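Input: a single structure, listed below in C-alpha cells.
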Amino acid sequence: FRSRAMSLLHVDDLTVTATGSTTALLGPINVELAAGEKLGIIGESGSGKSLTALSIMGLLPDGVRANGSVTVDGTEVIGARDARIRPLRGSTMAMVFQEPMSALDPLMRIGTQLSQAGVRDCAAALDEVDLAADVASRFPHQLSGGQRQRVLIAMAMAGRPDLLICDEPTTALDATTQDGVLRVIERVTKARGTALVFITHDLGVVDFMADEIGVMYLGQIVEDCPAAELMADPQHPYARA
C-alpha cells in the first residue's frame with residue numbers, strides 16, 4: 001500500500017448513516033487513488049455509488065452524515081466546513097453529474113455558464129470536448145443529451161482539477177453518443193494526467209474507462225482489483241453474477 005502522502009485521494013473507513021439511525025447506508029469504504037490513476041466503481045442502482053461520490057465532494061444531502069476520513073490532496077473533507085472544502089471544488093476535484101439537464105441552468109446560455117465555471121476561452125473549451133463554438137450561444141434545451149454532457153465535462157475540467165468524478169455520465173445516452181462522450185473523458189483526463197473515479201452499472205463501460213475496478217454491493221466494495229483480473233476471473237459471487 002502507498003502512504004497517505006502519496007495519495008491524491010484517501011478514503012479511510014468511510015460510512016454514511018441517516019440522521020438518528022445507527023444503520024449504515026454506506027461503508028465502510030476504503031479507497032486510495034494517486035495522480036493519473038483511474039478507478040471504476042460498478043454496482044446496481046442503490047448500492048451506494050453516488051453516496052460515495054457525494055461524500056468525496058462534501059456534497060451529501062441533508063438527513064445523512066458521514067464518518068471516517070476522506071482526504072483530497074491532504075485536506076480532510078469529512079466534518080469540515082463548506083468554506084474550507086469549497087476552494088477544492090473545481091481546482092482540485094470536480095464532478096460530472098448523471099443528468100446534465102438538471103445540472104445546467106435552463107434559463108442561461110451555455111457560454112455564460114461556462115464563464116461562471118471559470119472558463120476564459122469558451123471556444124477552446126468547447127473544442128476540447130468536440131463541440132462547435134456556436135454552442136456557447138445556445139440554451140441547454142437546444143442541445144442533445146450528448147452535447148449537454150460534453151458541456152458539463154468542459155465545465156468540470158475548467159479549473160484543471162487533479163481529480164474528476166463521473167457519476168454515470170452516459171446512462172441516458174444511446175450507444176453511439178455514449179461512445180463519443182466516453183472517448184472525450186478518456187482523452188481529456190489522459191492529456192492532463194487527471195485522476196478519475198468513474199461510476200457506472202455497465203461492465204463494458206467500466207472495463208474501457210478504468211485501470212482498477214471496485215464492485216459495490218449493499219453499500220460496500222466487495223471486490224477491488226485490476227480491471228483485467230476482474231473481467232477474467234471475478235472472485236465474489238455478486239461480481240460473477
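Naming scheme: A, B, ... for chains in displayed order of the C-alpha cells; residues 1 onward per chain; ligands 1 onward as shown.
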
Rows by chain and residue number, region 7-71 of chain A within 9 Å of region 192-206 of chain A, shortest pair, only C-alpha atoms, as CSV:
```
residue,atom,partner,partner_atom,distance
A:Leu8,CA,A:Ala195,CA,8.2
A:Leu33,CA,A:Ala195,CA,7.4
A:Ala34,CA,A:Ala195,CA,6.9
A:Ala35,CA,A:Ala195,CA,5.1
A:Gly36,CA,A:Ala195,CA,4.1
A:Glu37,CA,A:Ala195,CA,4.9
A:Lys38,CA,A:Leu196,CA,4.6
A:Leu39,CA,A:Val197,CA,4.9
A:Gly40,CA,A:Phe198,CA,4.7
A:Ile41,CA,A:Ile199,CA,4.8
A:Ile42,CA,A:His201,CA,5.1
A:Gly43,CA,A:His201,CA,5.1
A:Glu44,CA,A:His201,CA,5.6
A:Ser45,CA,A:His201,CA,7.6
A:Lys49,CA,A:Ile199,CA,6.6
A:Ser50,CA,A:Ile199,CA,7.7
A:Ala53,CA,A:Val197,CA,8.3
```

May I have the residues within 10 Å of Pro237 (chain A) as number ranges by chain, using only C-alpha atoms and disregarding those fewer than 4 positions away in the same chain? A: 222-223, 241

Generate the output file for the selected residues, N, CA, C and O atoms, as a PDB file, in the first residue's frame.
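The resulting file, result23.pdb, is shown below:
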```
ATOM      1  N   VAL A 222     -17.102  -4.982  -2.447  1.00  0.00           N
ATOM      2  CA  VAL A 222     -16.900  -6.395  -2.111  1.00  0.00           C
ATOM      3  C   VAL A 222     -15.738  -7.006  -2.882  1.00  0.00           C
ATOM      4  O   VAL A 222     -15.266  -8.093  -2.536  1.00  0.00           O
ATOM      5  N   GLU A 223     -15.289  -6.345  -3.933  1.00  0.00           N
ATOM      6  CA  GLU A 223     -14.122  -6.820  -4.677  1.00  0.00           C
ATOM      7  C   GLU A 223     -13.434  -5.625  -5.303  1.00  0.00           C
ATOM      8  O   GLU A 223     -14.083  -4.739  -5.860  1.00  0.00           O
ATOM      9  N   ALA A 241     -21.905 -12.700 -10.794  1.00  0.00           N
ATOM     10  CA  ALA A 241     -23.288 -12.547 -11.301  1.00  0.00           C
ATOM     11  C   ALA A 241     -23.411 -11.333 -12.196  1.00  0.00           C
ATOM     12  O   ALA A 241     -24.118 -11.372 -13.205  1.00  0.00           O
TER      13      ALA A 241
END
```

Please measure the separation of CA of Phe208 (chain A) and CA of Asp167 (chain A), giving the value in Å to one decimal.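 Here the two named atoms are 15.4 Å from each other.
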
Which residue out of A:Gly46, A:Pro106, A:Gly68, A:Gly63 has the minimum interatomic distance to Thr15 (chain A) when only C-alpha atoms are used?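 Selected residue with least distance to Thr15 (chain A): A:Gly68.
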
For Ser7 (chain A), please output as an NGL selection string all residues within 10 Å (counting only C-alpha atoms; exclusion window: fewer than 5 positions along the same chain). :A and (2 or 31-35 or 71-74)

Run DSSP on the backbone of this structure and report the residues of region 134-221 of chain A it assigns to helix (DSSP H, G or I), as JSON, numbers by chain. {"A": [134, 135, 136, 137, 140, 141, 142, 145, 146, 147, 148, 149, 150, 151, 152, 153, 154, 155, 156, 175, 176, 177, 178, 179, 180, 181, 182, 183, 184, 185, 186, 187, 188, 189, 190, 191, 192, 203, 204, 205, 206, 207, 208, 209]}

List the spatial neighbours of Met231 (chain A) as an MDAnalysis selection string - criterion: any atom at most 10 Å away, only C-alpha atoms, same-chain residues fewer than 4 positions off excluded. chainID A and resid 203:204 207 213 225:227 239:240

Point out the residue among A:Leu173, A:Ala156, A:Leu25, A:Ala94 with the least atom-to-atom distance to Gly58 (chain A), counting only C-alpha atoms. A:Ala94

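Scanning region 108-181 of chain A with DSSP on the backbone, the strand (DSSP E or B) assignments fall on Leu163, Leu164, Ile165, Cys166 and Asp167 of chain A.
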
Output of the above residues as a PDB file, in the first residue's frame, restricted to N, CA and C atoms:
```pdb
ATOM      1  N   LEU A 163      -8.523  15.654  -9.764  1.00  0.00           N
ATOM      2  CA  LEU A 163      -9.418  14.501  -9.625  1.00  0.00           C
ATOM      3  C   LEU A 163     -10.753  14.819 -10.273  1.00  0.00           C
ATOM      4  N   LEU A 164     -11.211  13.940 -11.165  1.00  0.00           N
ATOM      5  CA  LEU A 164     -12.521  14.076 -11.790  1.00  0.00           C
ATOM      6  C   LEU A 164     -13.376  12.879 -11.397  1.00  0.00           C
ATOM      7  N   ILE A 165     -14.582  13.161 -10.903  1.00  0.00           N
ATOM      8  CA  ILE A 165     -15.544  12.110 -10.563  1.00  0.00           C
ATOM      9  C   ILE A 165     -16.678  12.178 -11.572  1.00  0.00           C
ATOM     10  N   CYS A 166     -16.949  11.071 -12.233  1.00  0.00           N
ATOM     11  CA  CYS A 166     -18.043  10.985 -13.201  1.00  0.00           C
ATOM     12  C   CYS A 166     -19.088  10.009 -12.669  1.00  0.00           C
ATOM     13  N   ASP A 167     -20.274  10.517 -12.391  1.00  0.00           N
ATOM     14  CA  ASP A 167     -21.340   9.688 -11.815  1.00  0.00           C
ATOM     15  C   ASP A 167     -22.314   9.273 -12.910  1.00  0.00           C
TER      16      ASP A 167
END
```
